[in-house]
>>> print(open('structure38.csv').read())   # CSV, N, CA and C atoms
chain,number,residue,atom,x,y,z
T,1,MET,N,81.3,226.2,198.9
T,1,MET,CA,82.7,225.9,198.5
T,1,MET,C,83.5,225.5,199.7
T,2,PRO,N,83.1,224.5,200.4
T,2,PRO,CA,83.8,224.1,201.6
T,2,PRO,C,85.2,223.6,201.3
T,3,GLU,N,85.5,222.9,200.2
T,3,GLU,CA,86.8,222.5,199.9
T,3,GLU,C,87.8,223.6,199.7
T,4,LEU,N,87.3,224.7,199.0
T,4,LEU,CA,88.2,225.9,198.8
T,4,LEU,C,88.5,226.5,200.1
T,5,HIS,N,87.5,226.6,201.0
T,5,HIS,CA,87.7,227.2,202.3
T,5,HIS,C,88.7,226.4,203.1
T,6,HIS,N,88.5,225.0,203.0
T,6,HIS,CA,89.5,224.1,203.7
T,6,HIS,C,90.9,224.4,203.2
T,7,PHE,N,91.1,224.5,201.9
T,7,PHE,CA,92.4,224.7,201.3
T,7,PHE,C,92.9,226.0,201.8
T,8,LEU,N,92.1,227.1,201.8
T,8,LEU,CA,92.6,228.4,202.2
T,8,LEU,C,93.0,228.4,203.7
T,9,LEU,N,92.2,227.7,204.5
T,9,LEU,CA,92.5,227.7,205.9
T,9,LEU,C,93.7,226.8,206.3
T,10,GLU,N,93.7,225.7,205.7
T,10,GLU,CA,94.7,224.6,206.1
T,10,GLU,C,96.0,224.5,205.3
T,11,ARG,N,95.9,224.9,204.0
T,11,ARG,CA,97.0,224.6,203.2
T,11,ARG,C,97.7,225.8,202.5
T,12,TRP,N,96.9,226.9,202.3
T,12,TRP,CA,97.4,228.0,201.6
T,12,TRP,C,98.8,228.5,202.2
T,13,ALA,N,98.8,228.6,203.5
T,13,ALA,CA,100.0,229.2,204.1
T,13,ALA,C,101.3,228.3,203.9
T,14,LEU,N,101.1,227.0,203.5
T,14,LEU,CA,102.2,226.2,203.3
T,14,LEU,C,102.9,226.5,202.0
T,15,TYR,N,102.2,227.1,201.1
T,15,TYR,CA,102.9,227.4,199.8
T,15,TYR,C,103.5,228.8,199.8
T,16,HIS,N,104.6,228.9,199.0
T,16,HIS,CA,105.3,230.1,198.9
T,16,HIS,C,104.9,230.8,197.6
T,17,ASN,N,104.9,232.1,197.6
T,17,ASN,CA,104.6,232.9,196.4
T,17,ASN,C,103.2,232.8,195.9
T,18,LEU,N,102.3,232.7,196.7
T,18,LEU,CA,100.9,232.7,196.3
T,18,LEU,C,100.2,233.9,197.0
T,19,GLU,N,99.3,234.5,196.3
T,19,GLU,CA,98.5,235.5,196.8
T,19,GLU,C,97.0,235.2,196.6
T,20,TYR,N,96.2,235.6,197.5
T,20,TYR,CA,94.7,235.4,197.4
T,20,TYR,C,94.0,236.7,197.3
T,21,ASP,N,93.1,236.7,196.2
T,21,ASP,CA,92.3,237.9,196.0
T,21,ASP,C,90.9,237.5,196.2
T,22,SER,N,90.2,238.0,197.2
T,22,SER,CA,88.9,237.6,197.5
T,22,SER,C,87.8,238.3,196.7
T,23,SER,N,88.2,239.1,195.7
T,23,SER,CA,87.2,239.8,194.9
T,23,SER,C,86.5,238.9,194.0
T,24,GLU,N,87.0,237.7,193.7
T,24,GLU,CA,86.3,236.8,192.8
T,24,GLU,C,85.7,235.6,193.5
T,25,GLU,N,85.1,235.8,194.7
T,25,GLU,CA,84.6,234.7,195.5
T,25,GLU,C,83.5,233.9,194.9
T,26,LYS,N,82.7,234.5,194.0
T,26,LYS,CA,81.7,233.8,193.4
T,26,LYS,C,82.2,232.8,192.3
T,27,ASN,N,83.3,233.2,191.7
T,27,ASN,CA,83.9,232.3,190.7
T,27,ASN,C,85.4,232.3,190.9
T,28,PRO,N,85.9,231.7,192.1
T,28,PRO,CA,87.3,231.8,192.4
T,28,PRO,C,88.2,231.0,191.4
T,29,HIS,N,89.3,231.5,191.2
T,29,HIS,CA,90.3,230.9,190.3
T,29,HIS,C,91.7,231.3,190.7
T,30,LEU,N,92.6,230.4,190.3
T,30,LEU,CA,94.0,230.7,190.5
T,30,LEU,C,94.5,231.4,189.2
T,31,ILE,N,95.3,232.4,189.4
T,31,ILE,CA,95.9,233.1,188.2
T,31,ILE,C,97.4,232.9,188.3
T,32,PHE,N,98.0,232.4,187.2
T,32,PHE,CA,99.4,232.3,187.2
T,32,PHE,C,100.1,233.3,186.3
T,33,TYR,N,101.1,234.0,186.8
T,33,TYR,CA,101.8,235.0,186.1
T,33,TYR,C,103.2,234.6,185.7
T,34,ASN,N,103.7,235.2,184.6
T,34,ASN,CA,105.1,234.9,184.3
T,34,ASN,C,106.0,236.0,185.0
T,35,GLN,N,107.2,236.0,184.7
T,35,GLN,CA,108.1,237.0,185.4
T,35,GLN,C,107.9,238.4,185.0
T,36,LYS,N,107.2,238.6,183.9
T,36,LYS,CA,106.8,239.9,183.4
T,36,LYS,C,105.5,240.4,183.9
T,37,ASP,N,104.9,239.6,184.8
T,37,ASP,CA,103.6,239.9,185.4
T,37,ASP,C,102.5,239.8,184.4
T,38,GLU,N,102.6,239.0,183.4
T,38,GLU,CA,101.6,238.7,182.4
T,38,GLU,C,100.9,237.4,182.8
T,39,VAL,N,99.6,237.4,182.7
T,39,VAL,CA,98.8,236.2,183.0
T,39,VAL,C,99.1,235.1,181.9
T,40,VAL,N,99.5,233.9,182.4
T,40,VAL,CA,99.8,232.8,181.5
T,40,VAL,C,98.8,231.7,181.6
T,41,LYS,N,98.0,231.7,182.7
T,41,LYS,CA,97.1,230.6,182.9
T,41,LYS,C,96.1,231.0,184.0
T,42,THR,N,94.8,230.6,183.8
T,42,THR,CA,93.8,230.8,184.8
T,42,THR,C,93.1,229.5,185.0
T,43,VAL,N,93.0,229.1,186.3
T,43,VAL,CA,92.3,227.8,186.6
T,43,VAL,C,91.2,228.0,187.6
T,44,PRO,N,90.0,227.7,187.2
T,44,PRO,CA,88.8,227.8,188.1
T,44,PRO,C,89.0,226.8,189.2
T,45,VAL,N,88.7,227.2,190.4
T,45,VAL,CA,88.9,226.2,191.6
T,45,VAL,C,87.6,226.0,192.4
T,46,LYS,N,86.5,226.6,191.9
T,46,LYS,CA,85.3,226.5,192.7
T,46,LYS,C,84.9,225.0,192.9
T,47,GLU,N,85.0,224.2,192.0
T,47,GLU,CA,84.6,222.7,192.1
T,47,GLU,C,85.8,221.8,192.5
T,48,MET,N,87.0,222.3,192.7
T,48,MET,CA,88.1,221.5,193.0
T,48,MET,C,88.2,221.2,194.5
T,49,LYS,N,88.7,220.0,194.8
T,49,LYS,CA,88.9,219.6,196.2
T,49,LYS,C,90.3,220.2,196.6
T,50,ALA,N,90.4,220.3,197.9
T,50,ALA,CA,91.7,220.9,198.4
T,50,ALA,C,92.9,220.1,197.9
T,51,GLU,N,92.8,218.8,197.9
T,51,GLU,CA,93.9,217.9,197.5
T,51,GLU,C,94.2,218.2,196.0
T,52,GLU,N,93.2,218.4,195.2
T,52,GLU,CA,93.4,218.7,193.8
T,52,GLU,C,94.1,220.0,193.6
T,53,ILE,N,93.8,221.0,194.4
T,53,ILE,CA,94.5,222.3,194.3
T,53,ILE,C,95.9,222.1,194.7
T,54,SER,N,96.2,221.4,195.8
T,54,SER,CA,97.5,221.2,196.2
T,54,SER,C,98.3,220.4,195.2
T,55,SER,N,97.7,219.4,194.6
T,55,SER,CA,98.4,218.6,193.5
T,55,SER,C,98.8,219.5,192.3
T,56,LEU,N,97.9,220.4,191.9
T,56,LEU,CA,98.2,221.3,190.8
T,56,LEU,C,99.4,222.2,191.2
T,57,LEU,N,99.4,222.8,192.3
T,57,LEU,CA,100.5,223.7,192.7
T,57,LEU,C,101.8,222.9,192.8
T,58,ASP,N,101.7,221.7,193.4
T,58,ASP,CA,102.9,220.9,193.4
T,58,ASP,C,103.4,220.5,192.1
T,59,SER,N,102.5,220.2,191.1
T,59,SER,CA,103.0,219.9,189.8
T,59,SER,C,103.6,221.0,189.0
T,60,LEU,N,103.2,222.2,189.4
T,60,LEU,CA,103.8,223.4,188.8
T,60,LEU,C,105.0,223.9,189.5
T,61,GLY,N,105.4,223.2,190.5
T,61,GLY,CA,106.7,223.6,191.1
T,61,GLY,C,106.7,224.6,192.2
T,62,PHE,N,105.5,224.9,192.8
T,62,PHE,CA,105.5,225.8,193.9
T,62,PHE,C,106.1,225.2,195.1
T,63,TYR,N,106.9,226.0,195.9
T,63,TYR,CA,107.5,225.5,197.1
T,63,TYR,C,106.5,225.3,198.2
T,64,LYS,N,106.5,224.1,198.8
T,64,LYS,CA,105.5,223.9,199.9
T,64,LYS,C,106.3,223.6,201.2
T,65,ARG,N,106.0,224.4,202.2
T,65,ARG,CA,106.6,224.3,203.5
T,65,ARG,C,106.0,223.0,204.1
T,66,THR,N,106.8,222.4,205.1
T,66,THR,CA,106.3,221.3,205.8
T,66,THR,C,105.4,221.7,206.9
T,67,GLN,N,105.5,222.9,207.4
T,67,GLN,CA,104.6,223.4,208.4
T,67,GLN,C,104.4,224.9,208.3
T,68,LYS,N,103.3,225.5,208.8
T,68,LYS,CA,103.1,226.9,208.7
T,68,LYS,C,104.2,227.7,209.4
T,69,GLY,N,104.6,228.8,208.9
T,69,GLY,CA,105.6,229.6,209.5
T,69,GLY,C,107.0,229.2,209.3
T,70,GLU,N,107.3,228.1,208.6
T,70,GLU,CA,108.6,227.6,208.3
T,70,GLU,C,109.3,228.6,207.3
T,71,GLU,N,110.5,228.9,207.5
T,71,GLU,CA,111.3,229.8,206.6
T,71,GLU,C,111.5,229.1,205.3
T,72,VAL,N,111.4,229.8,204.2
T,72,VAL,CA,111.6,229.3,202.8
T,72,VAL,C,113.1,229.5,202.5
T,73,PRO,N,113.8,228.4,202.2
T,73,PRO,CA,115.2,228.5,201.8
T,73,PRO,C,115.4,229.5,200.7
T,74,GLU,N,116.5,230.2,200.8
T,74,GLU,CA,116.8,231.3,199.8
T,74,GLU,C,116.8,230.8,198.3
T,75,GLU,N,117.3,229.5,198.1
T,75,GLU,CA,117.3,229.0,196.8
T,75,GLU,C,115.9,228.8,196.2
T,76,PHE,N,114.9,228.8,197.1
T,76,PHE,CA,113.5,228.6,196.6
T,76,PHE,C,112.6,229.8,196.7
T,77,GLN,N,113.2,231.0,196.8
T,77,GLN,CA,112.5,232.2,196.9
T,77,GLN,C,111.7,232.6,195.7
T,78,GLN,N,112.2,232.2,194.5
T,78,GLN,CA,111.5,232.5,193.2
T,78,GLN,C,110.8,231.3,192.8
T,79,PHE,N,109.7,231.5,192.0
T,79,PHE,CA,108.9,230.4,191.6
T,79,PHE,C,108.8,230.5,190.1
T,80,PRO,N,108.3,229.5,189.3
T,80,PRO,CA,108.2,228.1,189.9
T,80,PRO,C,109.6,227.5,190.0
T,81,LEU,N,109.7,226.4,190.8
T,81,LEU,CA,111.0,225.8,191.0
T,81,LEU,C,111.5,225.0,189.8
T,82,ARG,N,110.5,224.4,189.1
T,82,ARG,CA,110.8,223.7,187.9
T,82,ARG,C,110.4,224.5,186.7
T,83,PRO,N,110.9,224.4,185.5
T,83,PRO,CA,110.4,225.1,184.4
T,83,PRO,C,108.9,224.8,184.2
T,84,PRO,N,108.2,225.8,183.8
T,84,PRO,CA,106.8,225.6,183.6
T,84,PRO,C,106.5,224.5,182.5
T,85,LYS,N,105.4,223.7,182.8
T,85,LYS,CA,105.1,222.7,181.8
T,85,LYS,C,104.5,223.4,180.5
T,86,ASP,N,104.5,222.6,179.5
T,86,ASP,CA,104.1,223.2,178.2
T,86,ASP,C,102.7,223.8,178.2
T,87,GLU,N,101.8,223.3,179.1
T,87,GLU,CA,100.5,223.9,179.1
T,87,GLU,C,100.4,225.3,179.7
T,88,LEU,N,101.5,225.7,180.3
T,88,LEU,CA,101.6,227.1,180.7
T,88,LEU,C,102.1,227.9,179.6
>>> encode(input="structure38.csv", output="structure tokens")
Amino acid sequence: MPELHHFLLERWALYHNLEYDSSEEKNPHLIFYNQKDEVVKTVPVKEMKAEEISSLLDSLGFYKRTQKGEEVPEEFQQFPLRPPKDEL
């Protein structure tokens, strides 16, 4: 899963409000929760390229920093930034 490792090492830190759980390394997936902490969507990422994972997060409105360590503006502290799409 070199693409997933590339994403985790190079891009993960750019996104705000994401957590990584390594307990599912054999079948890694993104889990999206609503404000009530209920799972609303699960996306397997084992076969996805780093760019595809980034595009998915961007399309869902996750804030992306321009560089690691950059402060997240207060107005972007909560996610998603745009209302969730119908598929959520």
>>> atom_distance(input="structure38.csv", atom1="atom CA of Lys26 of chain T", atom2="atom C of Tyr63 of chain T")
26.7 Å
>>> atom_distance(input="structure38.csv", atom1="atom C of Lys41 of chain T", atom2="atom CA of Leu60 of chain T")
11.8 Å
>>> atom_distance(input="structure38.csv", atom1="atom CA of Glu70 of chain T", atom2="atom N of Ala13 of chain T")
11.0 Å
>>> closest_residue(input="structure38.csv", among="T:Pro28, T:Pro73, T:Gln78, T:Gln67", to="Glu47 of chain T", atoms="only C-alpha atoms")
T:Pro28
>>> closest_residue(input="structure38.csv", among="T:Ser55, T:Lys68, T:Gln35, T:Lys49", to="Tyr15 of chain T", atoms="all atoms listed in the file")
T:Lys68
>>> build_atoms(input="structure38.csv", residues="segment 67-81 of chain T", atoms="N, CA, C and O atoms", output="compact mmCIF listing (two decimals), in the coordinates of the input")
# COMPACT_ATOMS: atom_id res chain seq x y z
N GLN T 67 105.50 222.90 207.40
CA GLN T 67 104.60 223.40 208.40
C GLN T 67 104.40 224.90 208.30
O GLN T 67 105.32 225.60 207.74
N LYS T 68 103.30 225.50 208.80
CA LYS T 68 103.10 226.90 208.70
C LYS T 68 104.20 227.70 209.40
O LYS T 68 104.63 227.24 210.50
N GLY T 69 104.60 228.80 208.90
CA GLY T 69 105.60 229.60 209.50
C GLY T 69 107.00 229.20 209.30
O GLY T 69 107.97 229.93 209.64
N GLU T 70 107.30 228.10 208.60
CA GLU T 70 108.60 227.60 208.30
C GLU T 70 109.30 228.60 207.30
O GLU T 70 108.61 229.10 206.38
N GLU T 71 110.50 228.90 207.50
CA GLU T 71 111.30 229.80 206.60
C GLU T 71 111.50 229.10 205.30
O GLU T 71 111.68 227.86 205.19
N VAL T 72 111.40 229.80 204.20
CA VAL T 72 111.60 229.30 202.80
C VAL T 72 113.10 229.50 202.50
O VAL T 72 113.61 230.61 202.60
N PRO T 73 113.80 228.40 202.20
CA PRO T 73 115.20 228.50 201.80
C PRO T 73 115.40 229.50 200.70
O PRO T 73 114.60 229.66 199.80
N GLU T 74 116.50 230.20 200.80
CA GLU T 74 116.80 231.30 199.80
C GLU T 74 116.80 230.80 198.30
O GLU T 74 116.28 231.45 197.46
N GLU T 75 117.30 229.50 198.10
CA GLU T 75 117.30 229.00 196.80
C GLU T 75 115.90 228.80 196.20
O GLU T 75 115.68 228.54 195.01
N PHE T 76 114.90 228.80 197.10
CA PHE T 76 113.50 228.60 196.60
C PHE T 76 112.60 229.80 196.70
O PHE T 76 111.40 229.76 196.62
N GLN T 77 113.20 231.00 196.80
CA GLN T 77 112.50 232.20 196.90
C GLN T 77 111.70 232.60 195.70
O GLN T 77 110.71 233.28 195.72
N GLN T 78 112.20 232.20 194.50
CA GLN T 78 111.50 232.50 193.20
C GLN T 78 110.80 231.30 192.80
O GLN T 78 111.09 230.17 193.12
N PHE T 79 109.70 231.50 192.00
CA PHE T 79 108.90 230.40 191.60
C PHE T 79 108.80 230.50 190.10
O PHE T 79 108.93 231.57 189.52
N PRO T 80 108.30 229.50 189.30
CA PRO T 80 108.20 228.10 189.90
C PRO T 80 109.60 227.50 190.00
O PRO T 80 110.59 227.97 189.42
N LEU T 81 109.70 226.40 190.80
CA LEU T 81 111.00 225.80 191.00
C LEU T 81 111.50 225.00 189.80
O LEU T 81 112.64 224.89 189.55
